[in-house]
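Enquirer: Quick one, data_9.cif (mmCIF, C-alpha atoms):
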```cif
data_run
#
loop_
_atom_site.label_atom_id
_atom_site.label_comp_id
_atom_site.auth_asym_id
_atom_site.auth_seq_id
_atom_site.Cartn_x
_atom_site.Cartn_y
_atom_site.Cartn_z
CA MET A 742 123.76 40.23 183.60
CA LYS A 743 121.79 42.41 181.21
CA TRP A 744 122.43 39.97 178.34
CA ALA A 745 121.10 37.04 180.43
CA VAL A 746 117.88 38.93 181.18
CA ALA A 747 117.52 39.81 177.49
CA ALA A 748 118.09 36.19 176.44
CA MET A 749 115.48 34.94 178.93
CA ALA A 750 113.00 37.54 177.69
CA ILE A 751 113.48 36.35 174.11
CA CYS A 752 112.96 32.70 175.09
CA ILE A 753 109.85 33.47 177.13
CA THR A 754 108.26 35.75 174.57
CA CYS A 755 109.25 33.74 171.51
CA PRO A 756 108.39 30.06 172.03
CA ALA A 757 108.78 29.54 168.27
CA PHE A 758 112.47 30.39 168.67
CA ALA A 759 112.89 27.53 171.15
CA GLN A 760 111.21 25.11 168.71
CA LEU A 761 113.97 25.78 166.17
CA ALA A 762 116.71 24.71 168.55
CA PRO A 763 118.37 21.41 167.59
CA SER A 764 117.33 18.45 169.74
CA PRO A 765 118.88 15.03 170.29
CA HIS A 766 118.22 12.57 167.47
CA ALA A 767 119.06 8.89 167.00
CA VAL A 768 118.34 6.45 164.17
CA LYS A 769 118.95 2.69 164.41
CA PHE A 770 120.39 1.15 161.25
CA GLU A 771 117.40 -1.17 160.88
CA ASP A 772 115.06 1.86 160.99
CA ILE A 773 116.78 3.83 158.21
CA LYS A 774 114.36 4.83 155.45
CA TRP A 775 116.11 4.37 152.11
CA GLU A 776 115.07 6.23 148.96
CA PRO A 777 116.28 5.71 145.38
CA LEU A 778 119.11 8.00 144.36
CA GLU A 779 119.22 9.49 140.87
CA GLY A 780 121.71 7.49 138.83
CA GLY A 781 121.55 4.42 141.11
CA GLY A 782 122.06 3.55 144.74
CA GLU A 783 120.06 4.68 147.76
CA ILE A 784 120.11 7.66 150.09
CA SER A 785 118.80 8.32 153.58
CA ILE A 786 118.70 11.77 155.15
CA LEU A 787 119.31 10.99 158.82
CA TYR A 788 118.97 14.50 160.25
CA THR A 789 118.84 18.12 159.19
CA ASN A 790 119.64 20.78 161.78
CA PRO A 791 116.63 23.13 161.87
CA VAL A 792 118.80 26.20 162.44
CA SER A 793 121.93 25.75 160.31
CA LYS A 794 120.38 23.28 157.81
CA ALA A 795 123.53 21.14 158.22
CA THR A 796 122.58 17.71 156.90
CA TYR A 797 123.68 14.21 157.89
CA LEU A 798 123.04 11.38 155.44
CA VAL A 799 124.06 7.89 154.34
CA ILE A 800 124.41 6.65 150.77
CA ARG A 801 124.57 3.05 149.59
CA ALA A 802 126.17 2.81 146.16
CA GLU A 803 126.03 -0.20 143.88
CA LYS A 804 129.13 -2.06 142.74
CA ASN A 805 131.16 -0.47 139.95
CA ALA A 806 129.10 2.73 140.12
CA HIS A 807 130.21 6.15 138.89
CA VAL A 808 129.03 9.36 140.55
CA PRO A 809 129.43 11.96 137.77
CA ARG A 810 131.13 15.33 138.24
CA HIS A 811 129.17 17.56 140.62
CA TRP A 812 129.56 20.08 143.44
CA HIS A 813 127.73 21.13 146.61
CA THR A 814 126.99 24.60 147.96
CA ALA A 815 128.18 23.52 151.43
CA ASN A 816 131.40 21.88 152.63
CA GLU A 817 131.15 18.08 152.52
CA THR A 818 132.74 15.34 154.60
CA LEU A 819 132.64 11.62 153.84
CA THR A 820 133.38 8.68 156.10
CA ILE A 821 133.43 5.29 154.42
CA LEU A 822 131.44 2.66 156.31
CA LYS A 823 131.65 -0.28 153.90
CA GLY A 824 133.29 -1.09 150.58
CA THR A 825 135.65 1.04 148.52
CA PHE A 826 135.00 4.61 147.38
CA VAL A 827 137.38 6.31 144.94
CA LEU A 828 137.31 10.11 145.03
CA LYS A 829 138.73 12.63 142.53
CA HIS A 830 138.41 16.42 142.36
CA ASP A 831 139.07 18.97 139.64
CA GLY A 832 142.57 20.40 139.62
CA SER A 833 144.24 17.04 140.30
CA ASP A 834 144.64 13.75 138.48
CA GLU A 835 145.04 11.91 141.80
CA ARG A 836 142.35 9.45 142.82
CA SER A 837 142.01 8.71 146.52
CA GLU A 838 140.90 5.15 147.24
CA LEU A 839 138.98 5.21 150.50
CA THR A 840 138.13 2.06 152.47
CA PRO A 841 136.10 1.59 155.70
CA GLY A 842 137.10 4.13 158.32
CA SER A 843 138.65 6.48 155.74
CA PHE A 844 137.68 10.15 155.63
CA GLY A 845 137.37 12.68 152.81
CA TYR A 846 136.64 16.41 152.73
CA MET A 847 135.46 18.54 149.81
CA PRO A 848 135.28 22.32 150.17
CA ALA A 849 132.09 24.03 149.04
CA LYS A 850 131.77 24.31 145.24
CA MET A 851 134.73 21.97 144.57
CA VAL A 852 133.84 19.88 141.51
CA HIS A 853 134.42 16.20 142.19
CA GLU A 854 133.39 12.71 141.09
CA ALA A 855 133.64 9.22 142.51
CA TRP A 856 133.56 5.52 141.74
CA THR A 857 132.88 2.35 143.65
CA LYS A 858 134.61 -0.95 143.07
CA GLU A 859 133.33 -4.52 142.88
CA ASP A 860 132.20 -4.41 146.53
CA GLY A 861 130.10 -1.23 146.18
CA ALA A 862 130.20 1.25 149.05
CA MET A 863 128.23 2.76 151.90
CA TYR A 864 129.33 6.13 153.24
CA PHE A 865 128.25 8.72 155.80
CA ILE A 866 128.14 12.32 154.58
CA THR A 867 127.80 15.60 156.43
CA VAL A 868 127.35 19.00 154.86
CA ASP A 869 127.50 22.18 156.94
CA GLY A 870 124.51 23.74 155.18
CA PRO A 871 121.55 22.59 153.10
CA PHE A 872 122.31 19.45 151.05
CA ASP A 873 122.26 19.90 147.29
CA ILE A 874 123.84 18.27 144.24
CA ASN A 875 124.80 20.44 141.28
CA TRP A 876 125.67 18.24 138.30
CA VAL A 877 128.37 19.43 135.92
CA LYS A 878 127.76 18.72 132.26
#
```
I need this file expressed as structure tokens, please.
Expert:
Amino acid sequence: MKWAVAAMAICITCPAFAQLAPSPHAVKFEDIKWEPLEGGGEISILYTNPVSKATYLVIRAEKNAHVPRHWHTANETLTILKGTFVLKHDGSDERSELTPGSFGYMPAKMVHEAWTKEDGAMYFITVDGPFDINWVK
């Protein structure tokens, strides 16, 4: 009971804390704001959680594109929405060819690269922290 009283006191005395709480969010496909992506394609940040900084985004990649070797500070998940996305990570020569509905996961700081095929690709990405791209030269 004491913890409930303490929690209520924090919420009442700190309205700024309540403003940081995540709230429901929806984006219709036709309302997505696309921005150019370095190296080609387009990106749209759909939502960033104000507390955890987890980020949800969509990328449209051109046909026969190559995403050079890079890594992210946060864990990354990919769900392919359209086209074909080929994923490879350091430490393996295997390339995973992902088609619509397929899922991929990259642990934080895992160096990886990707390619699209003749049909290009569109994929949904989540990262469990702030979104960044660290290119490997």
Enquirer: Please identify all polymer residues within 12 Å of A:Glu803, counting all atoms listed in the file, omitting same-chain residues fewer than 4 positions from it, and present them as a list in words.
Expert: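 The filter keeps Pro777, Leu778, Gly780, Gly781, Gly782, Glu783, Ile784, His807, Val808, Lys823, Gly824, Thr825, Phe826, Trp856, Thr857, Lys858, Glu859, Asp860, Gly861, Ala862, Met863 and Tyr864 of chain A.
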Enquirer: Give me a file of those residues, with C-alpha atoms, as an mmCIF file, in the coordinates of the input.
Expert:
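Just written: selection-v6.cif:
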```
data_model
loop_
_atom_site.group_PDB
_atom_site.id
_atom_site.type_symbol
_atom_site.label_atom_id
_atom_site.label_comp_id
_atom_site.auth_asym_id
_atom_site.auth_seq_id
_atom_site.Cartn_x
_atom_site.Cartn_y
_atom_site.Cartn_z
ATOM 1 C CA PRO A 777 116.280 5.710 145.380
ATOM 2 C CA LEU A 778 119.110 8.000 144.360
ATOM 3 C CA GLY A 780 121.710 7.490 138.830
ATOM 4 C CA GLY A 781 121.550 4.420 141.110
ATOM 5 C CA GLY A 782 122.060 3.550 144.740
ATOM 6 C CA GLU A 783 120.060 4.680 147.760
ATOM 7 C CA ILE A 784 120.110 7.660 150.090
ATOM 8 C CA HIS A 807 130.210 6.150 138.890
ATOM 9 C CA VAL A 808 129.030 9.360 140.550
ATOM 10 C CA LYS A 823 131.650 -0.280 153.900
ATOM 11 C CA GLY A 824 133.290 -1.090 150.580
ATOM 12 C CA THR A 825 135.650 1.040 148.520
ATOM 13 C CA PHE A 826 135.000 4.610 147.380
ATOM 14 C CA TRP A 856 133.560 5.520 141.740
ATOM 15 C CA THR A 857 132.880 2.350 143.650
ATOM 16 C CA LYS A 858 134.610 -0.950 143.070
ATOM 17 C CA GLU A 859 133.330 -4.520 142.880
ATOM 18 C CA ASP A 860 132.200 -4.410 146.530
ATOM 19 C CA GLY A 861 130.100 -1.230 146.180
ATOM 20 C CA ALA A 862 130.200 1.250 149.050
ATOM 21 C CA MET A 863 128.230 2.760 151.900
ATOM 22 C CA TYR A 864 129.330 6.130 153.240
#
```
Enquirer: Compile the contact shell of A:Gly870 as a PyMOL selection string: residues with an atom at most 10 Å away, counting only C-alpha atoms, same-chain residues fewer than 4 positions apart removed.
Expert: chain A and resi 789-790+792-797+813-817+849
Enquirer: What does the structure give for the distance between atom CA of A:His830 and atom CA of A:Arg810, in Å to one decimal?
Expert: 8.4 Å
Enquirer: Give me, as a list in words, all polymer residues having an atom no more than 9 Å from A:Leu839, counting only C-alpha atoms and skipping those fewer than 4 positions away in the same chain.
Expert: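 The neighbour list is Thr820, Ile821, Gly824, Thr825, Phe826, Val827, Leu828, Ser843, Phe844 and Gly845 of chain A.
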Enquirer: Which residues fall under the PyMOL selection byres ((chain A and resi 764-774) around 8) in this file, as a JSON list (two decimals) with C-alpha atoms, keeping the file's coordinate frame?
Expert:
```json
[["chain", "number", "residue", "atom", "x", "y", "z"],
["A", 762, "ALA", "CA", 116.71, 24.71, 168.55],
["A", 763, "PRO", "CA", 118.37, 21.41, 167.59],
["A", 775, "TRP", "CA", 116.11, 4.37, 152.11],
["A", 776, "GLU", "CA", 115.07, 6.23, 148.96],
["A", 785, "SER", "CA", 118.80, 8.32, 153.58],
["A", 787, "LEU", "CA", 119.31, 10.99, 158.82],
["A", 788, "TYR", "CA", 118.97, 14.50, 160.25]]
```
Enquirer: Measuring between only C-alpha atoms, which one of A:Leu822, A:Trp812, A:Asn875, A:Ile786 shows the shortest distance to A:Pro848?
Expert: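 Residue with the minimum atom-to-atom distance to A:Pro848: A:Trp812.
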Enquirer: Rounded to one decimal place, report the atom CA of A:His853-atom CA of A:Pro809 distance in Å.
Expert: 7.9 Å
Enquirer: Quick one, how far is atom CA of A:Leu761 from atom CA of A:Ile866?
Expert: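 Between atom CA of A:Leu761 and atom CA of A:Ile866 the gap works out to 22.7 Å.
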Enquirer: Using all atoms listed in the file for the distances, tell me which of A:Arg836, A:Pro791, A:Ile874, A:Glu779 is nearest to A:Met851.
Expert: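 So, comparing all the options, the nearest one is A:Ile874.
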